[in-house]
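Text of input26.txt, listed as compact mmCIF, C-alpha atoms:
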```txt
# COMPACT_ATOMS: atom_id res chain seq x y z
CA MET E 1 120.17 104.91 90.60
CA LYS E 2 122.61 105.57 93.42
CA ALA E 3 120.56 105.28 96.59
CA PHE E 4 123.42 104.99 99.04
CA ASP E 5 126.97 106.13 99.48
CA LEU E 6 128.93 102.88 99.51
CA THR E 7 131.60 104.35 101.74
CA ARG E 8 129.02 105.03 104.46
CA ILE E 9 127.19 101.71 104.46
CA ASP E 10 127.44 99.63 107.62
CA GLN E 11 129.57 96.62 106.64
CA SER E 12 127.49 94.32 108.82
CA ARG E 13 124.37 94.90 106.76
CA PHE E 14 125.37 93.13 103.57
CA THR E 15 126.96 90.03 102.16
CA ARG E 16 129.33 90.31 99.22
CA GLN E 17 128.79 88.12 96.18
CA TYR E 18 130.95 87.59 93.11
CA PHE E 19 129.51 87.05 89.63
CA LYS E 20 131.37 85.96 86.53
CA ARG E 21 130.73 87.72 83.23
CA GLY E 22 127.40 86.54 81.81
CA ALA E 23 126.00 85.35 85.13
CA SER E 24 122.43 86.22 86.05
CA ILE E 25 122.34 88.56 89.04
CA VAL E 26 118.62 89.28 89.18
CA ALA E 27 116.02 87.37 87.19
CA CYS E 28 112.48 88.34 86.34
CA GLY E 29 110.25 86.68 88.95
CA ASN E 30 112.82 86.75 91.76
CA ALA E 31 111.35 87.94 95.04
CA THR E 32 112.25 91.51 95.93
CA ASP E 33 113.23 90.41 99.42
CA ARG E 34 116.84 91.26 98.63
CA ALA E 35 118.47 94.29 97.08
CA VAL E 36 121.63 94.27 95.02
CA ILE E 37 124.10 97.16 94.89
CA ILE E 38 127.04 96.99 92.51
CA GLU E 39 130.38 97.43 94.22
CA SER E 40 132.45 96.94 91.07
CA GLY E 41 131.88 95.87 87.50
CA THR E 42 129.08 96.52 85.06
CA VAL E 43 125.60 95.01 84.91
CA THR E 44 123.17 95.21 82.02
CA GLN E 45 119.44 95.14 82.50
CA SER E 46 116.70 94.14 80.13
CA SER E 47 113.29 95.24 81.26
CA PRO E 48 109.95 96.67 80.17
CA TRP E 49 111.36 100.05 81.19
CA SER E 50 114.47 100.21 79.09
CA ASP E 51 116.63 97.79 77.19
CA ALA E 52 120.31 97.39 77.89
CA LYS E 53 120.39 99.84 80.78
CA LYS E 54 123.79 99.70 82.45
CA TYR E 55 124.56 99.73 86.17
CA THR E 56 127.95 100.53 87.60
CA SER E 57 129.54 100.94 91.02
CA GLY E 58 127.12 102.30 93.61
CA ASP E 59 123.97 101.61 91.59
CA MET E 60 121.16 99.55 93.03
CA ILE E 61 119.80 97.13 90.44
CA ASN E 62 116.14 97.64 89.54
CA PHE E 63 115.58 99.93 92.51
CA ILE E 64 112.07 100.96 91.45
CA GLU E 65 111.01 97.35 91.12
CA PHE E 66 112.55 96.54 94.48
CA LEU E 67 110.55 99.31 96.16
CA ALA E 68 107.25 98.78 94.39
CA LEU E 69 106.88 95.13 93.48
CA GLU E 70 106.89 91.76 95.18
CA GLN E 71 108.86 90.26 92.31
CA TYR E 72 111.47 91.73 90.01
CA ALA E 73 110.16 92.36 86.50
CA SER E 74 113.55 92.67 84.82
CA ASN E 75 116.65 90.62 84.26
CA ALA E 76 120.10 91.81 85.17
CA GLN E 77 123.25 90.12 83.94
CA ALA E 78 126.92 90.67 84.66
CA ALA E 79 128.55 92.38 81.66
CA ASP E 80 131.94 91.66 83.17
CA ASP E 81 133.12 90.25 86.47
CA VAL E 82 130.97 91.86 89.14
CA VAL E 83 131.17 92.25 92.89
CA ALA E 84 127.76 92.92 94.39
CA LEU E 85 126.55 93.79 97.85
CA ILE E 86 123.39 91.93 98.86
CA PHE E 87 121.00 93.49 101.36
CA SER E 88 117.77 92.25 102.88
CA ARG E 89 114.64 94.33 102.38
CA GLU E 90 114.60 94.99 106.13
CA ASP E 91 118.11 96.43 106.02
CA ILE E 92 117.33 98.74 103.12
CA LYS E 93 114.21 99.94 104.94
CA ALA E 94 116.22 100.48 108.12
CA MET E 95 118.91 102.40 106.22
CA LEU E 96 116.36 104.68 104.57
CA ASP E 97 114.40 105.11 107.81
CA ASN E 98 117.62 105.99 109.58
CA ASN E 99 118.00 108.82 107.10
CA HIS E 100 114.49 110.17 107.77
CA ASN E 101 111.34 108.31 108.69
CA LEU E 102 109.53 109.48 105.56
CA THR E 103 112.21 108.32 103.14
CA TRP E 104 111.13 104.69 102.95
CA PRO E 105 107.34 105.21 102.70
CA LEU E 106 107.63 108.08 100.23
CA SER E 107 110.11 106.13 98.13
CA CYS E 108 107.79 103.14 98.03
CA MET E 109 104.73 105.22 97.16
CA LEU E 110 106.60 107.05 94.41
CA ALA E 111 107.93 103.79 93.05
CA ILE E 112 104.45 102.26 93.02
CA ASP E 113 103.22 105.32 91.12
CA ALA E 114 106.16 105.01 88.72
CA THR E 115 105.27 101.41 87.93
CA LYS E 116 101.62 102.39 87.54
CA ARG E 117 102.64 104.91 84.91
CA HIS E 118 104.50 102.21 82.99
CA PRO E 119 101.75 99.84 81.84
CA GLN E 120 104.11 96.93 81.20
CA GLN E 121 104.54 96.55 84.93
CA GLN E 122 100.95 96.82 86.06
CA ASN E 123 100.45 93.08 86.10
CA GLN E 124 103.34 92.52 88.48
CA GLY E 125 102.67 91.95 92.17
CA ARG E 126 103.01 94.93 94.46
CA ASN E 127 103.95 95.47 98.10
CA MET I 1 105.64 105.44 109.34
CA ASN I 2 103.08 104.32 106.80
CA ILE I 3 102.38 107.07 104.29
CA ILE I 4 98.87 105.76 103.68
CA ASN I 5 98.11 106.02 107.41
CA TRP I 6 99.71 109.43 107.53
CA ALA I 7 97.72 110.80 104.61
CA GLY I 8 94.69 108.99 105.99
CA GLN I 9 94.79 111.24 109.07
CA SER I 10 93.27 113.96 106.93
CA LYS I 11 89.77 114.69 108.12
CA ARG I 12 88.80 116.39 104.91
CA ILE I 13 86.93 113.87 102.82
CA LEU I 14 85.34 114.63 99.48
CA ARG I 15 82.40 112.54 98.37
CA MET I 16 82.17 112.69 94.60
CA VAL I 17 79.93 111.05 92.04
CA ASP I 18 80.44 109.49 88.65
CA GLY I 19 81.86 111.87 86.06
CA GLU I 20 83.02 114.63 88.40
CA ALA I 21 86.53 115.97 87.93
CA LEU I 22 88.88 115.85 90.91
CA PHE I 23 91.49 117.94 89.14
CA ILE I 24 91.99 119.37 85.68
CA ALA I 25 95.09 119.19 83.50
CA GLY I 26 97.18 122.36 83.69
CA THR I 27 96.03 123.42 87.16
CA PRO I 28 98.49 123.50 90.09
CA ALA I 29 99.02 120.24 91.98
CA ASN I 30 98.69 121.53 95.53
CA GLN I 31 96.96 118.58 97.16
CA ILE I 32 97.57 114.87 97.51
CA TYR I 33 94.60 112.54 97.43
CA LEU I 34 94.01 109.20 99.10
CA LEU I 35 91.21 107.19 97.59
CA ASP I 36 89.10 105.76 100.43
CA ARG I 37 86.48 104.20 98.20
CA GLY I 38 85.69 104.10 94.51
CA GLU I 39 87.74 104.57 91.38
CA LEU I 40 89.51 107.41 89.63
CA SER I 41 90.47 107.56 85.97
CA ILE I 42 93.34 109.68 84.75
CA ILE I 43 92.43 111.11 81.37
CA GLU I 44 95.03 112.36 78.91
CA SER I 45 94.48 115.90 77.73
CA GLY I 46 93.18 116.19 74.22
CA THR I 47 92.57 112.50 73.56
CA ASN I 48 90.15 111.62 76.39
CA HIS I 49 92.10 108.38 76.65
CA THR I 50 92.30 106.77 80.11
CA ILE I 51 96.00 106.38 80.81
CA ARG I 52 95.68 104.79 84.26
CA THR I 53 93.20 104.05 87.01
CA TYR I 54 93.48 104.42 90.77
CA LEU I 55 91.56 102.28 93.26
CA ALA I 56 90.91 102.35 97.03
CA ASN I 57 93.94 102.89 99.27
CA GLU I 58 96.01 104.39 96.49
CA LEU I 59 97.64 107.81 96.69
CA ILE I 60 97.32 110.27 93.85
CA GLY I 61 99.59 113.20 93.12
CA LEU I 62 102.76 112.51 95.06
CA PRO I 63 105.17 112.96 92.11
CA GLU I 64 103.44 116.13 90.91
CA VAL I 65 103.38 117.69 94.37
CA LEU I 66 107.02 116.86 95.08
CA SER I 67 108.14 118.23 91.73
CA GLY I 68 105.89 121.30 91.95
CA GLU I 69 104.32 120.56 88.58
CA ASN I 70 100.83 121.29 87.36
CA TRP I 71 98.57 118.29 86.86
CA PRO I 72 99.57 116.79 83.52
CA ALA I 73 96.18 115.12 83.05
CA THR I 74 92.59 115.27 84.30
CA ALA I 75 91.14 112.97 86.98
CA ILE I 76 87.55 111.81 86.60
CA VAL I 77 85.66 109.96 89.31
CA ARG I 78 83.99 106.65 88.45
CA GLY I 79 80.98 105.80 90.61
CA ILE I 80 80.53 107.08 94.14
CA THR I 81 83.96 107.86 95.48
CA ASP I 82 85.34 109.05 98.83
CA ILE I 83 88.63 110.90 98.66
CA ARG I 84 90.79 112.19 101.51
CA VAL I 85 92.48 115.47 100.76
CA PHE I 86 95.93 116.18 102.10
CA PRO I 87 97.44 119.64 101.61
CA ALA I 88 100.70 119.55 99.72
CA HIS I 89 102.39 122.22 101.81
CA ILE I 90 102.49 119.94 104.88
CA LEU I 91 104.26 117.21 102.95
CA LYS I 92 106.57 119.72 101.28
CA GLN I 93 107.50 121.12 104.66
CA ARG I 94 108.38 117.63 105.91
CA VAL I 95 110.41 116.94 102.78
CA THR I 96 112.26 120.23 103.19
CA GLU I 97 113.42 119.00 106.61
CA MET I 98 114.84 115.81 105.12
CA PRO I 99 118.59 115.35 104.59
CA ASP I 100 119.83 116.29 101.13
CA ASP I 101 120.56 112.72 100.06
CA ALA I 102 117.01 111.66 100.98
CA LYS I 103 115.58 114.56 98.99
CA SER I 104 117.82 113.68 96.08
CA LEU I 105 116.64 110.07 96.17
CA LEU I 106 112.98 111.12 96.15
CA GLN I 107 113.60 113.50 93.26
CA SER I 108 115.26 110.71 91.30
CA ILE I 109 112.27 108.42 91.80
CA SER I 110 109.85 111.27 91.03
CA ARG I 111 111.54 111.81 87.68
CA MET I 112 110.77 108.19 86.80
CA CYS I 113 107.07 108.96 87.19
CA ALA I 114 107.21 111.57 84.43
```
Could you write out this file's structure as structure tokens?
Amino acid sequence: MKAFDLTRIDQSRFTRQYFKRGASIVACGNATDRAVIIESGTVTQSSPWSDAKKYTSGDMINFIEFLALEQYASNAQAADDVVALIFSREDIKAMLDNNHNLTWPLSCMLAIDATKRHPQQQNQGRN
Amino acid sequence: MNIINWAGQSKRILRMVDGEALFIAGTPANQIYLLDRGELSIIESGTNHTIRTYLANELIGLPEVLSGENWPATAIVRGITDIRVFPAHILKQRVTEMPDDAKSLLQSISRMCA
């Protein structure tokens, strides 16, 4: 899911990280206190939602889980060399709030509902 | 802004009792509900199977209202339940005022609720 236009993101809001092919980028159980957006490369996800989902440039990894849960429920691994932009939860909230002050709360509520409708995720912690 | 607080500003509160239906599958989703107290079961049409349950402080109906769909299932109250009713048109009006990329994001997340 492309939540942001990479060309318009404030450079001061993220740190850039480099992952070699095969490296774990997000692991099930990691706190959702940071969000990961792919700048370049391909990431594969294994999750209760869908197996082998692929993320490419501009995609936020496990965005629904980030919005709705306290911990990620899926694993994401670099399928090739990946450059990722790492954001804090506060920065993502600020970026969405800057767009419109209902964007963050509505996104979170929808994401919580989405996880509720996927029983595999009901046992995960929620925000 | 906290959406729960926002929806919670609704002064219209329904008190319902065990077994009453809050909404019926196939009818228009033109209200959002915030459960103040009690429990709500979502029942799949045809099978009477409970597909999910909502508890206090949970919102019901956001994806359906934003997508303009009819209720895909029936909601049955469990026990004594207080429910705040929030008209969909107020939320829809606010969403209409949002920038296109925000609307697009919400639509993308809504589709994942289907």
Select all residues from chain I having any atom no more than 10 Å from an atom of chain E (counting only C-alpha atoms, ignoring ligands), output as a CSV table (one decimal) with C-alpha atoms, in the frame of the given file.
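As written to disk, result-v1.csv reads:
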```csv
chain,number,residue,atom,x,y,z
I,1,MET,CA,105.6,105.4,109.3
I,2,ASN,CA,103.1,104.3,106.8
I,3,ILE,CA,102.4,107.1,104.3
I,4,ILE,CA,98.9,105.8,103.7
I,6,TRP,CA,99.7,109.4,107.5
I,51,ILE,CA,96.0,106.4,80.8
I,52,ARG,CA,95.7,104.8,84.3
I,53,THR,CA,93.2,104.0,87.0
I,54,TYR,CA,93.5,104.4,90.8
I,58,GLU,CA,96.0,104.4,96.5
I,59,LEU,CA,97.6,107.8,96.7
I,60,ILE,CA,97.3,110.3,93.8
I,61,GLY,CA,99.6,113.2,93.1
I,62,LEU,CA,102.8,112.5,95.1
I,63,PRO,CA,105.2,113.0,92.1
I,66,LEU,CA,107.0,116.9,95.1
I,91,LEU,CA,104.3,117.2,103.0
I,94,ARG,CA,108.4,117.6,105.9
I,95,VAL,CA,110.4,116.9,102.8
I,97,GLU,CA,113.4,119.0,106.6
I,98,MET,CA,114.8,115.8,105.1
I,99,PRO,CA,118.6,115.4,104.6
I,100,ASP,CA,119.8,116.3,101.1
I,101,ASP,CA,120.6,112.7,100.1
I,102,ALA,CA,117.0,111.7,101.0
I,103,LYS,CA,115.6,114.6,99.0
I,104,SER,CA,117.8,113.7,96.1
I,105,LEU,CA,116.6,110.1,96.2
I,106,LEU,CA,113.0,111.1,96.2
I,107,GLN,CA,113.6,113.5,93.3
I,108,SER,CA,115.3,110.7,91.3
I,109,ILE,CA,112.3,108.4,91.8
I,110,SER,CA,109.8,111.3,91.0
I,111,ARG,CA,111.5,111.8,87.7
I,112,MET,CA,110.8,108.2,86.8
I,113,CYS,CA,107.1,109.0,87.2
I,114,ALA,CA,107.2,111.6,84.4
```
Contact residues around I:Leu34 with all atoms listed in the file at 7 Å, ignoring same-chain residues under 2 positions, as a PDB file with C-alpha atoms, in the coordinates of the input:
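What follows is the written file part.pdb:
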```pdb
ATOM      1  CA  ALA I   7      97.720 110.800 104.610  1.00  0.00           C
ATOM      2  CA  GLY I   8      94.690 108.990 105.990  1.00  0.00           C
ATOM      3  CA  ILE I  32      97.570 114.870  97.510  1.00  0.00           C
ATOM      4  CA  ASP I  36      89.100 105.760 100.430  1.00  0.00           C
ATOM      5  CA  ASN I  57      93.940 102.890  99.270  1.00  0.00           C
ATOM      6  CA  GLU I  58      96.010 104.390  96.490  1.00  0.00           C
ATOM      7  CA  LEU I  59      97.640 107.810  96.690  1.00  0.00           C
ATOM      8  CA  ILE I  60      97.320 110.270  93.850  1.00  0.00           C
ATOM      9  CA  ILE I  83      88.630 110.900  98.660  1.00  0.00           C
ATOM     10  CA  ARG I  84      90.790 112.190 101.510  1.00  0.00           C
ATOM     11  CA  VAL I  85      92.480 115.470 100.760  1.00  0.00           C
TER      12      VAL I  85
END
```
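One finds atom CA of I:Lys92 at 7.9 Å from atom CA of I:Val65.
When atom CA of E:Arg89 is paired with atom CA of I:Ala88, their separation reads 28.9 Å.
Between atom CA of I:Gly26 and atom CA of E:Leu67 the separation is 29.4 Å.
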Using all atoms listed in the file, which protein or nucleic acid residues come within 6 Å of E:Gln77? Drop anything in the same chain fewer than 3 positions from it, and give the result as a PDB file with C-alpha atoms, in the frame of the given file.
```
ATOM      1  CA  GLY E  22     127.400  86.540  81.810  1.00  0.00           C
ATOM      2  CA  ALA E  23     126.000  85.350  85.130  1.00  0.00           C
ATOM      3  CA  SER E  24     122.430  86.220  86.050  1.00  0.00           C
ATOM      4  CA  ILE E  25     122.340  88.560  89.040  1.00  0.00           C
ATOM      5  CA  VAL E  43     125.600  95.010  84.910  1.00  0.00           C
ATOM      6  CA  THR E  44     123.170  95.210  82.020  1.00  0.00           C
TER       7      THR E  44
END
```
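Comparing the minimum interatomic distances between I:His89 and each of I:Val17, I:Ile42, I:Ala29, I:Ile24, counting all atoms listed in the file, we find that I:Ala29 sits nearest.
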Output, as AutoDock Vina command-line options, the centre and edge lengths in Å (one decimal) of the axis-aligned box that contains all listed atoms of stretch 92-103 of chain I with 5 Å of margin on each side.
```
--center_x 113.6 --center_y 116.4 --center_z 102.8 --size_x 24.0 --size_y 19.5 --size_z 17.6
```
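Counting all atoms listed in the file, the residue from E:Gln71, E:Thr7, E:Ser40, E:Thr15 that sits nearest to E:Leu85 is E:Thr15.
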(request) Name all residues at most 7 Å from stretch 29-39 of chain E (count all atoms listed in the file; drop same-chain ones fewer than 2 positions away) and give them as a ChimeraX atom specification. (result) /E:26-27,56-61,66,69-73,83-89
